[in-house]
Structure formats: structure tokens, C-alpha cells
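Asker: One file: target.pdb (PDB, C-alpha atoms and all ligand atoms).
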ATOM      1  CA  MET A   1       7.138   6.964  22.924
ATOM      2  CA  PRO A   2      10.796   6.226  22.056
ATOM      3  CA  GLU A   3      13.023   8.219  19.710
ATOM      4  CA  LYS A   4      11.612   9.094  16.280
ATOM      5  CA  ILE A   5      13.474   7.916  13.185
ATOM      6  CA  SER A   6      11.225   9.665  10.674
ATOM      7  CA  GLU A   7       7.745  11.066  10.170
ATOM      8  CA  GLY A   8       5.748  10.948   6.947
ATOM      9  CA  LYS A   9       2.268  12.085   5.933
ATOM     10  CA  THR A  10       0.475   9.164   7.607
ATOM     11  CA  LYS A  11       3.037   7.336   9.763
ATOM     12  CA  ILE A  12       5.768   7.901  12.353
ATOM     13  CA  ILE A  13       8.667   5.441  12.691
ATOM     14  CA  TYR A  14      10.299   4.999  16.120
ATOM     15  CA  LYS A  15      13.490   3.267  17.293
ATOM     16  CA  THR A  16      13.252   0.281  19.648
ATOM     17  CA  PRO A  17      15.939  -1.165  21.946
ATOM     18  CA  ASP A  18      16.473  -3.811  19.242
ATOM     19  CA  LYS A  19      18.386  -2.124  16.394
ATOM     20  CA  ASP A  20      16.804  -4.473  13.836
ATOM     21  CA  GLU A  21      13.213  -3.533  14.784
ATOM     22  CA  VAL A  22      11.033  -0.403  14.603
ATOM     23  CA  LEU A  23       7.620   0.717  15.817
ATOM     24  CA  ILE A  24       5.325   2.225  13.200
ATOM     25  CA  GLU A  25       2.587   4.537  14.468
ATOM     26  CA  PHE A  26      -0.326   5.064  12.080
ATOM     27  CA  LYS A  27      -1.621   8.651  12.220
ATOM     28  CA  ASP A  28      -5.223   9.818  11.745
ATOM     29  CA  ASP A  29      -4.138  12.045   8.822
ATOM     30  CA  ILE A  30      -5.602  11.374   5.395
ATOM     31  CA  THR A  31      -4.028  12.948   2.309
ATOM     32  CA  ALA A  32      -4.402  12.911  -1.473
ATOM     33  CA  LEU A  33      -3.097  14.738  -4.566
ATOM     34  CA  ASP A  34       0.588  14.606  -3.508
ATOM     35  CA  GLY A  35      -0.358  15.930  -0.068
ATOM     36  CA  GLU A  36      -2.302  18.983  -1.380
ATOM     37  CA  LYS A  37      -5.532  17.634   0.148
ATOM     38  CA  HIS A  38      -5.211  16.883   3.872
ATOM     39  CA  ASP A  39      -7.640  16.137   6.719
ATOM     40  CA  ILE A  40      -7.740  14.389  10.077
ATOM     41  CA  LEU A  41     -10.059  11.397  10.346
ATOM     42  CA  PRO A  42     -10.233  10.347  14.004
ATOM     43  CA  GLY A  43      -9.804   6.569  14.344
ATOM     44  CA  LYS A  44      -8.265   6.122  10.887
ATOM     45  CA  GLY A  45      -4.803   5.284  12.273
ATOM     46  CA  GLU A  46      -6.140   2.396  14.294
ATOM     47  CA  ILE A  47      -8.216   1.093  11.359
ATOM     48  CA  ASN A  48      -5.238   1.231   8.993
ATOM     49  CA  ALA A  49      -2.873  -0.407  11.476
ATOM     50  CA  THR A  50      -5.387  -3.220  12.058
ATOM     51  CA  ILE A  51      -6.064  -3.818   8.345
ATOM     52  CA  SER A  52      -2.327  -3.666   7.555
ATOM     53  CA  ALA A  53      -1.560  -6.265  10.227
ATOM     54  CA  LYS A  54      -4.280  -8.588   8.895
ATOM     55  CA  LEU A  55      -3.060  -8.294   5.281
ATOM     56  CA  PHE A  56       0.603  -8.730   6.245
ATOM     57  CA  GLU A  57      -0.400 -11.903   8.114
ATOM     58  CA  GLU A  58      -2.115 -13.159   4.948
ATOM     59  CA  LEU A  59       1.061 -12.451   2.960
ATOM     60  CA  GLU A  60       3.265 -14.242   5.487
ATOM     61  CA  ARG A  61       0.924 -17.253   5.242
ATOM     62  CA  GLY A  62       1.360 -17.026   1.457
ATOM     63  CA  ASP A  63       5.180 -17.122   1.791
ATOM     64  CA  VAL A  64       5.690 -13.475   0.893
ATOM     65  CA  PRO A  65       8.621 -11.895   2.780
ATOM     66  CA  THR A  66       7.405  -8.826   4.745
ATOM     67  CA  HIS A  67       8.629  -6.606   7.578
ATOM     68  CA  PHE A  68       5.606  -7.367   9.788
ATOM     69  CA  ILE A  69       6.237  -8.690  13.311
ATOM     70  CA  SER A  70       3.119  -7.888  15.376
ATOM     71  CA  LEU A  71       0.336  -5.395  16.071
ATOM     72  CA  ASP A  72       0.118  -3.624  19.424
ATOM     73  CA  PRO A  73      -3.557  -4.239  20.308
ATOM     74  CA  SER A  74      -4.049  -1.102  22.414
ATOM     75  CA  LYS A  75      -2.617   1.506  20.035
ATOM     76  CA  PRO A  76      -2.346   2.172  16.288
ATOM     77  CA  VAL A  77       1.196   0.795  16.379
ATOM     78  CA  MET A  78       2.836  -2.052  14.468
ATOM     79  CA  ARG A  79       6.180  -3.693  15.319
ATOM     80  CA  ALA A  80       8.257  -4.393  12.206
ATOM     81  CA  LYS A  81      11.741  -5.274  11.039
ATOM     82  CA  ARG A  82      13.883  -2.214  10.448
ATOM     83  CA  LEU A  83      14.436  -1.790   6.713
ATOM     84  CA  GLU A  84      16.413   0.496   4.473
ATOM     85  CA  MET A  85      13.489   1.586   2.283
ATOM     86  CA  ILE A  86      13.848   1.901  -1.497
ATOM     87  CA  PRO A  87      12.224   5.231  -2.492
ATOM     88  CA  ILE A  88       9.931   3.804  -5.145
ATOM     89  CA  GLU A  89       6.267   2.800  -5.306
ATOM     90  CA  VAL A  90       5.461  -0.498  -6.972
ATOM     91  CA  VAL A  91       1.928  -0.584  -8.385
ATOM     92  CA  CYS A  92       0.161  -3.712  -9.576
ATOM     93  CA  ARG A  93      -3.060  -3.484 -11.608
ATOM     94  CA  ASN A  94      -5.711  -6.077 -12.435
ATOM     95  CA  LEU A  95      -8.424  -3.752 -13.794
ATOM     96  CA  ALA A  96      -8.152  -0.383 -15.549
ATOM     97  CA  ALA A  97      -8.677   2.486 -13.080
ATOM     98  CA  GLY A  98      -7.097   5.680 -11.718
ATOM     99  CA  HIS A  99      -3.975   7.033 -13.391
ATOM    100  CA  PHE A 100      -3.776   4.025 -15.716
ATOM    101  CA  LEU A 101      -6.998   5.216 -17.371
ATOM    102  CA  GLN A 102      -5.703   8.779 -17.634
ATOM    103  CA  ARG A 103      -2.553   7.457 -19.320
ATOM    104  CA  PHE A 104      -4.355   4.967 -21.566
ATOM    105  CA  PRO A 105      -7.892   6.248 -22.251
ATOM    106  CA  MET A 106      -8.413   3.500 -24.853
ATOM    107  CA  PHE A 107      -9.313   1.259 -21.891
ATOM    108  CA  THR A 108     -12.681   1.521 -20.161
ATOM    109  CA  LYS A 109     -13.007   1.884 -16.388
ATOM    110  CA  GLY A 110     -13.058  -1.541 -14.757
ATOM    111  CA  GLU A 111     -11.856  -3.370 -17.892
ATOM    112  CA  LYS A 112      -9.920  -6.488 -16.923
ATOM    113  CA  LEU A 113      -6.308  -6.271 -18.096
ATOM    114  CA  ARG A 114      -5.061  -9.284 -20.098
ATOM    115  CA  MET A 115      -2.558  -9.925 -17.317
ATOM    116  CA  PRO A 116      -1.723  -8.190 -14.032
ATOM    117  CA  ILE A 117       0.809  -5.467 -14.753
ATOM    118  CA  VAL A 118       3.569  -4.110 -12.498
ATOM    119  CA  GLU A 119       4.651  -0.458 -12.693
ATOM    120  CA  PHE A 120       7.405   1.461 -10.854
ATOM    121  CA  PHE A 121       7.254   5.101  -9.714
ATOM    122  CA  LEU A 122       9.875   7.309  -8.057
ATOM    123  CA  LYS A 123       8.649   8.552  -4.653
ATOM    124  CA  ASN A 124       9.041  12.279  -5.102
ATOM    125  CA  ASP A 125       6.131  14.679  -4.468
ATOM    126  CA  GLU A 126       7.935  17.642  -6.115
ATOM    127  CA  LEU A 127       8.324  15.685  -9.349
ATOM    128  CA  HIS A 128       4.810  14.167  -8.896
ATOM    129  CA  ASP A 129       6.109  10.592  -8.600
ATOM    130  CA  PRO A 130       7.331  10.062 -12.200
ATOM    131  CA  MET A 131       6.880   6.626 -13.738
ATOM    132  CA  LEU A 132      10.094   4.622 -14.146
ATOM    133  CA  VAL A 133      10.998   2.026 -16.748
ATOM    134  CA  GLU A 134      12.935  -0.925 -15.334
ATOM    135  CA  ASP A 135      16.326   0.371 -16.604
ATOM    136  CA  HIS A 136      15.845   3.574 -14.597
ATOM    137  CA  LEU A 137      16.153   1.691 -11.308
ATOM    138  CA  PRO A 138      19.813   0.591 -11.707
ATOM    139  CA  LEU A 139      20.565   3.871 -13.530
ATOM    140  CA  LEU A 140      19.340   5.927 -10.559
ATOM    141  CA  ALA A 141      21.076   3.488  -8.136
ATOM    142  CA  LEU A 142      17.699   2.581  -6.626
ATOM    143  CA  ALA A 143      18.011  -1.188  -7.097
ATOM    144  CA  SER A 144      20.054  -3.716  -9.065
ATOM    145  CA  GLY A 145      18.627  -5.410 -12.163
ATOM    146  CA  GLU A 146      18.314  -8.599 -10.132
ATOM    147  CA  GLU A 147      16.407  -6.786  -7.380
ATOM    148  CA  VAL A 148      14.034  -5.289  -9.968
ATOM    149  CA  GLN A 149      13.132  -8.797 -11.160
ATOM    150  CA  LYS A 150      12.749  -9.989  -7.563
ATOM    151  CA  MET A 151      10.429  -7.067  -6.739
ATOM    152  CA  LYS A 152       8.273  -7.906  -9.773
ATOM    153  CA  GLU A 153       8.117 -11.551  -8.738
ATOM    154  CA  ILE A 154       7.177 -10.699  -5.121
ATOM    155  CA  THR A 155       4.598  -8.133  -6.304
ATOM    156  CA  ARG A 156       2.913 -10.748  -8.505
ATOM    157  CA  ARG A 157       2.836 -13.126  -5.534
ATOM    158  CA  VAL A 158       1.328 -10.378  -3.327
ATOM    159  CA  ASN A 159      -1.318  -9.865  -6.015
ATOM    160  CA  ALA A 160      -2.168 -13.570  -6.177
ATOM    161  CA  VAL A 161      -2.413 -13.971  -2.380
ATOM    162  CA  LEU A 162      -4.433 -10.793  -1.807
ATOM    163  CA  SER A 163      -6.729 -11.240  -4.840
ATOM    164  CA  ASP A 164      -7.628 -14.660  -3.522
ATOM    165  CA  PHE A 165      -8.182 -13.356   0.017
ATOM    166  CA  PHE A 166     -10.399 -10.470  -1.152
ATOM    167  CA  GLN A 167     -12.419 -12.630  -3.509
ATOM    168  CA  LYS A 168     -13.455 -14.772  -0.535
ATOM    169  CA  ILE A 169     -14.913 -11.674   1.155
ATOM    170  CA  GLU A 170     -16.594 -10.528  -2.066
ATOM    171  CA  LEU A 171     -14.231  -7.709  -2.962
ATOM    172  CA  THR A 172     -12.220  -7.294  -6.163
ATOM    173  CA  LEU A 173      -8.619  -6.151  -5.810
ATOM    174  CA  VAL A 174      -8.485  -3.604  -8.646
ATOM    175  CA  ASP A 175      -4.948  -2.349  -7.991
ATOM    176  CA  PHE A 176      -2.528  -1.652  -5.147
ATOM    177  CA  LYS A 177       0.745   0.015  -4.239
ATOM    178  CA  ILE A 178       3.499  -1.554  -2.161
ATOM    179  CA  GLU A 179       6.945  -0.444  -1.074
ATOM    180  CA  PHE A 180      10.089  -2.498  -0.625
ATOM    181  CA  GLY A 181      13.070  -2.327   1.681
ATOM    182  CA  ARG A 182      16.177  -4.330   2.576
ATOM    183  CA  ASP A 183      16.779  -5.781   6.036
ATOM    184  CA  SER A 184      20.185  -5.749   7.768
ATOM    185  CA  ALA A 185      21.201  -8.838   5.746
ATOM    186  CA  GLY A 186      20.282  -7.077   2.456
ATOM    187  CA  GLU A 187      17.173  -9.248   1.995
ATOM    188  CA  LEU A 188      14.356  -7.620  -0.043
ATOM    189  CA  MET A 189      10.928  -7.594   1.582
ATOM    190  CA  VAL A 190       7.591  -5.784   1.506
ATOM    191  CA  GLY A 191       7.569  -2.886   3.994
ATOM    192  CA  ASP A 192       5.365   0.152   4.651
ATOM    193  CA  GLU A 193       1.606  -0.487   4.900
ATOM    194  CA  LEU A 194      -1.211  -2.348   3.181
ATOM    195  CA  ASN A 195      -4.705  -0.960   3.652
ATOM    196  CA  CYS A 196      -7.519   1.050   2.046
ATOM    197  CA  ASP A 197      -5.169   4.009   1.519
ATOM    198  CA  SER A 198      -2.984   1.989  -0.834
ATOM    199  CA  MET A 199      -5.388  -0.190  -2.816
ATOM    200  CA  ARG A 200      -8.606  -0.051  -4.784
ATOM    201  CA  LEU A 201     -11.228  -2.539  -3.656
ATOM    202  CA  TRP A 202     -14.598  -2.803  -5.367
ATOM    203  CA  GLU A 203     -17.475  -4.791  -3.935
ATOM    204  CA  ILE A 204     -18.160  -7.633  -6.369
ATOM    205  CA  ASP A 205     -21.975  -7.291  -6.297
ATOM    206  CA  THR A 206     -22.410  -3.522  -6.248
ATOM    207  CA  GLY A 207     -19.128  -2.077  -7.566
ATOM    208  CA  GLU A 208     -19.010   0.150  -4.451
ATOM    209  CA  ALA A 209     -15.501   1.448  -3.610
ATOM    210  CA  PHE A 210     -14.207   0.237  -0.221
ATOM    211  CA  ASP A 211     -11.105   2.459  -0.277
ATOM    212  CA  LYS A 212      -9.583   5.954  -0.322
ATOM    213  CA  ASP A 213     -11.117   6.832  -3.723
ATOM    214  CA  VAL A 214     -14.162   8.048  -1.739
ATOM    215  CA  TYR A 215     -11.879  10.734  -0.224
ATOM    216  CA  ARG A 216      -9.986  11.471  -3.467
ATOM    217  CA  LYS A 217     -13.331  12.049  -5.224
ATOM    218  CA  GLY A 218     -14.531  14.604  -2.652
ATOM    219  CA  GLY A 219     -16.705  12.489  -0.316
ATOM    220  CA  SER A 220     -17.473  14.087   3.081
ATOM    221  CA  LEU A 221     -15.302  13.024   6.027
ATOM    222  CA  ASP A 222     -18.351  11.189   7.453
ATOM    223  CA  GLN A 223     -18.710   9.208   4.206
ATOM    224  CA  VAL A 224     -14.987   8.448   4.181
ATOM    225  CA  LYS A 225     -15.086   7.290   7.821
ATOM    226  CA  ASP A 226     -18.104   5.040   7.037
ATOM    227  CA  ILE A 227     -16.178   3.358   4.223
ATOM    228  CA  TYR A 228     -13.069   2.808   6.368
ATOM    229  CA  VAL A 229     -15.192   1.269   9.146
ATOM    230  CA  LYS A 230     -17.058  -0.922   6.610
ATOM    231  CA  SER A 231     -13.744  -2.064   5.117
ATOM    232  CA  LEU A 232     -12.353  -2.874   8.555
ATOM    233  CA  ARG A 233     -15.412  -5.028   9.368
ATOM    234  CA  ARG A 234     -15.260  -6.816   6.003
ATOM    235  CA  ILE A 235     -11.490  -7.429   6.004
ATOM    236  CA  VAL A 236     -10.802  -8.143   9.665
ATOM    237  CA  GLY A 237     -14.286  -9.383  10.676
TER     238      GLY A 237
HETATM  239  P1  LIG A 301      -2.982   5.239  -9.396
HETATM  240  O1  LIG A 301      -1.650   5.169 -10.039
HETATM  241  O2  LIG A 301      -4.078   4.756 -10.299
HETATM  242  O3  LIG A 301      -3.266   6.578  -8.783
HETATM  243  O4  LIG A 301      -2.939   4.227  -8.137
HETATM  244  C1  LIG A 301      -2.785   2.850  -8.302
HETATM  245  C2  LIG A 301      -2.897   2.179  -6.953
HETATM  246  O5  LIG A 301      -1.779   2.519  -6.139
HETATM  247  C3  LIG A 301      -4.138   2.608  -6.160
HETATM  248  O6  LIG A 301      -4.623   1.486  -5.462
HETATM  249  C4  LIG A 301      -3.616   3.664  -5.186
HETATM  250  O7  LIG A 301      -4.347   3.636  -3.973
HETATM  251  C5  LIG A 301      -2.171   3.226  -4.979
HETATM  252  N1  LIG A 301      -1.277   4.384  -4.853
HETATM  253  C6  LIG A 301      -0.687   5.089  -5.844
HETATM  254  N2  LIG A 301       0.068   6.095  -5.353
HETATM  255  C7  LIG A 301      -0.040   6.055  -4.020
HETATM  256  C8  LIG A 301       0.504   6.834  -2.928
HETATM  257  O8  LIG A 301       1.253   7.786  -3.103
HETATM  258  N3  LIG A 301       0.151   6.460  -1.676
HETATM  259  C9  LIG A 301      -0.686   5.402  -1.430
HETATM  260  N4  LIG A 301      -1.001   5.096  -0.163
HETATM  261  N5  LIG A 301      -1.202   4.635  -2.424
HETATM  262  C10 LIG A 301      -0.902   4.953  -3.700
END
When written as C-alpha cells, how does the structure in this file appear?
Ligand code: 5GP

Answerer:
Amino acid sequence: MPEKISEGKTKIIYKTPDKDEVLIEFKDDITALDGEKHDILPGKGEINATISAKLFEELERGDVPTHFISLDPSKPVMRAKRLEMIPIEVVCRNLAAGHFLQRFPMFTKGEKLRMPIVEFFLKNDELHDPMLVEDHLPLLALASGEEVQKMKEITRRVNAVLSDFFQKIELTLVDFKIEFGRDSAGELMVGDELNCDSMRLWEIDTGEAFDKDVYRKGGSLDQVKDIYVKSLRRIVG
């Protein structure tokens, strides 16, 4: 493997001979609770790389700018444009679930929100990823006011494209998290990954979770692996 640029909880980024491209290796690590819970799930890296590639392709077809270039078929590795990442998480919610319910217990689990909502969080495990209001982004020099509006617009488009895609395979997109970066020309685009680690997907008929909530809620590693394999089959075919 070439020279490492950085390593996170679930991915390693490598340099390529092209300075505007990177290789992203998806690890078999699975984590939750700001990294306090951690296990190895053999095969997870390949599943997540494959699902990410499929969903990025859907976004590209839907005219959403992303960093995706291609998937290496033999390894859990994706080729992508090199981005300067913005250290925030952008969450979009269609139904009430997860931390939204903890924050606003007047909603019931699974209640449809009147409109999809977009939230921003600072990526910082020590501070437990505090929620940001839009003005915090220029204040903390994370993004300009114009970029904040652009990120909201792109996130809503991601939601529309993916909700439509998942509905066709009988899954509801409850909520998801994406991350943004700027390419060498300063263009904003969706980076990072898109898979069952970063979204809630409920089967329309049964309400069964097809995502990482099974792990967060204490499911055995065998149960978690079953769900990831089921999701892969449903999403990629
Ligand atoms: P919540 O804020 O309810 O915990 O999460 C909302 C959505 O964003 C869920 O789909 C969840 O999977 C995703 N999400 C929130 N924080 C993270 C994170 O740190 N990493 C990943 N991969 N996804 C996250």
C-alpha cells in the first residue's frame, strides 16, 4: 500500500501518484458511543466499501457532487478525489429517531417530521460532537455562510435521491450523516462514506433495522454481521 495520509476509526486514507486523488481503505472495525464500544467484524470493510460505492453512484446519477471515482473490486478500497475535509457532520432526518428523540421527547419514535431537517455537529469526540447552529460555522471558521447554505441544499438533494432509491427496495431512509470537503478548486462536495454505519434504514413492511443500530443496541456480532450482509444484498443486489 502507498503512503498513509491519515487513519480514523473505520478508514485509512492513502496518497496516490495523482496529487488530486486518494485511496480509501475501509477497515473491519465497528465502533459506537464516540469510540467507547469497539469490535472487529470480519468482512465489514468490504461490505461498507461496496455499499458506499453503490450509493455514491446513485448520487452522481442524481447530479450530487461527490468525491467518488471508482471501487477497487478485489479489495475494500475506493478511489476518490482528494478533499480538504470540513470537520463537521451534517445529519438529515425524515423520521424521529436516535438523538433527535432524546433531545425532543415530545416526538414518538418513527414519527414523520413535517419536513426533512438538516442539523450540523462539530466532529470532536472529546466534546461529544456538540450540535452547531448555522452561525457557529463561520464563527468557528469551519465554512462561510454561503457554503453553509450550499451544504444544506446538497444535503436535501442527497436525501431526495437516496429516499427515492431506498423506497424502491422497500426500505425507509429514516436519517443519515454525511461529511463535506473542498477539492483543489475549492468546490464543495460530499466526501467520506455512505453505508449502514452512517444511516438508519427501516424495512417498510416489518420495521426491521438494516443498519448499525443493531450494534449500538447490543446485538451479538453474529447478528450485526447478518444485518450487514442482508443490507448489502438488498442495496447492491
Ligand atoms: P443520531 O444523531 O440520531 O445519533 O444519528 C443520526 C444519523 O446520523 C444516524 O443515521 C447515524 O447513523 C448518523 N450518525 C450520527 N453520528 C455519526 C457518527 O459519528 N458516525 C457515523 N458513521 N454516523 C453517524

Asker: Carefully work through the PyMOL selection byres (((chain A and resi 39-47) around 8) and not hetatm) for this structure and note down the residues it includes, as a ChimeraX atom specification.

Answerer: /A:25-31,37-38,48-51,75-77,221,225,228-229,232

Asker: Mind listing the residues within 9 Å of ligand LIG 301 (chain A), only C-alpha atoms and all ligand atoms counted, as a VMD selection string?

Answerer: chain A and resid 10 31 to 35 89 to 93 96 to 102 119 121 123 125 129 173 to 178 193 to 201 211 to 213

Asker: So for range 153-168 of chain A, what box centre and size do we get, axis-aligned, 6 Å extra on each of the six sides, every listed atom, Å to one decimal, as JSON?

Answerer:
{"center_x": -2.7, "center_y": -11.5, "center_z": -4.4, "size_x": 33.6, "size_y": 18.6, "size_z": 20.8}

Asker: Run through the PyMOL selection byres (((chain A and resi 234-236) around 7) and not hetatm) on the given coordinates and return the selected residues as a list of chain:residue names.

Answerer: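 That expression, the PyMOL selection byres (((chain A and resi 234-236) around 7) and not hetatm), corresponds here to A:Ile51, A:Lys54, A:Ile169, A:Lys230, A:Ser231, A:Leu232, A:Arg233, A:Gly237.
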
Asker: So which one's closest to Val133 in chain A, A:Leu188, A:Met106, A:Val148, A:Ala209? Using all atoms listed in the file, please.

Answerer: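 Looking only at the distances to Val133 in chain A, the closest residue turns out to be A:Val148.
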
Asker: Nearest residue to Ser52 in chain A out of A:Leu83, A:Leu71, A:Met131, A:Leu139, using all atoms listed in the file?

Answerer: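 Ranked by minimum distance to Ser52 in chain A, first place goes to A:Leu71.
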
Asker: So how many Å separate CA of Arg82 in chain A and CA of Leu137 in chain A, to one decimal?

Answerer: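 Interatomic distance, CA of Arg82 in chain A to CA of Leu137 in chain A: 22.2 Å.
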
Asker: So which one's closest to Ile117 in chain A, A:Leu162, A:Val214, A:Leu95, A:Met85? Using all atoms listed in the file, please.

Answerer: A:Leu95

Asker: Determine the nearest neighbour of Ile86 in chain A from the options A:Phe120, A:Tyr14, A:Phe104, A:Tyr215, counting only C-alpha atoms.

Answerer: A:Phe120

Asker: Which residue is closest to Glu208 in chain A? Choose from A:Asp192, A:Glu126, A:Glu179, A:Glu170 and count only C-alpha atoms.

Answerer: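 With only C-alpha atoms as the atom set, the closest residue is A:Glu170.
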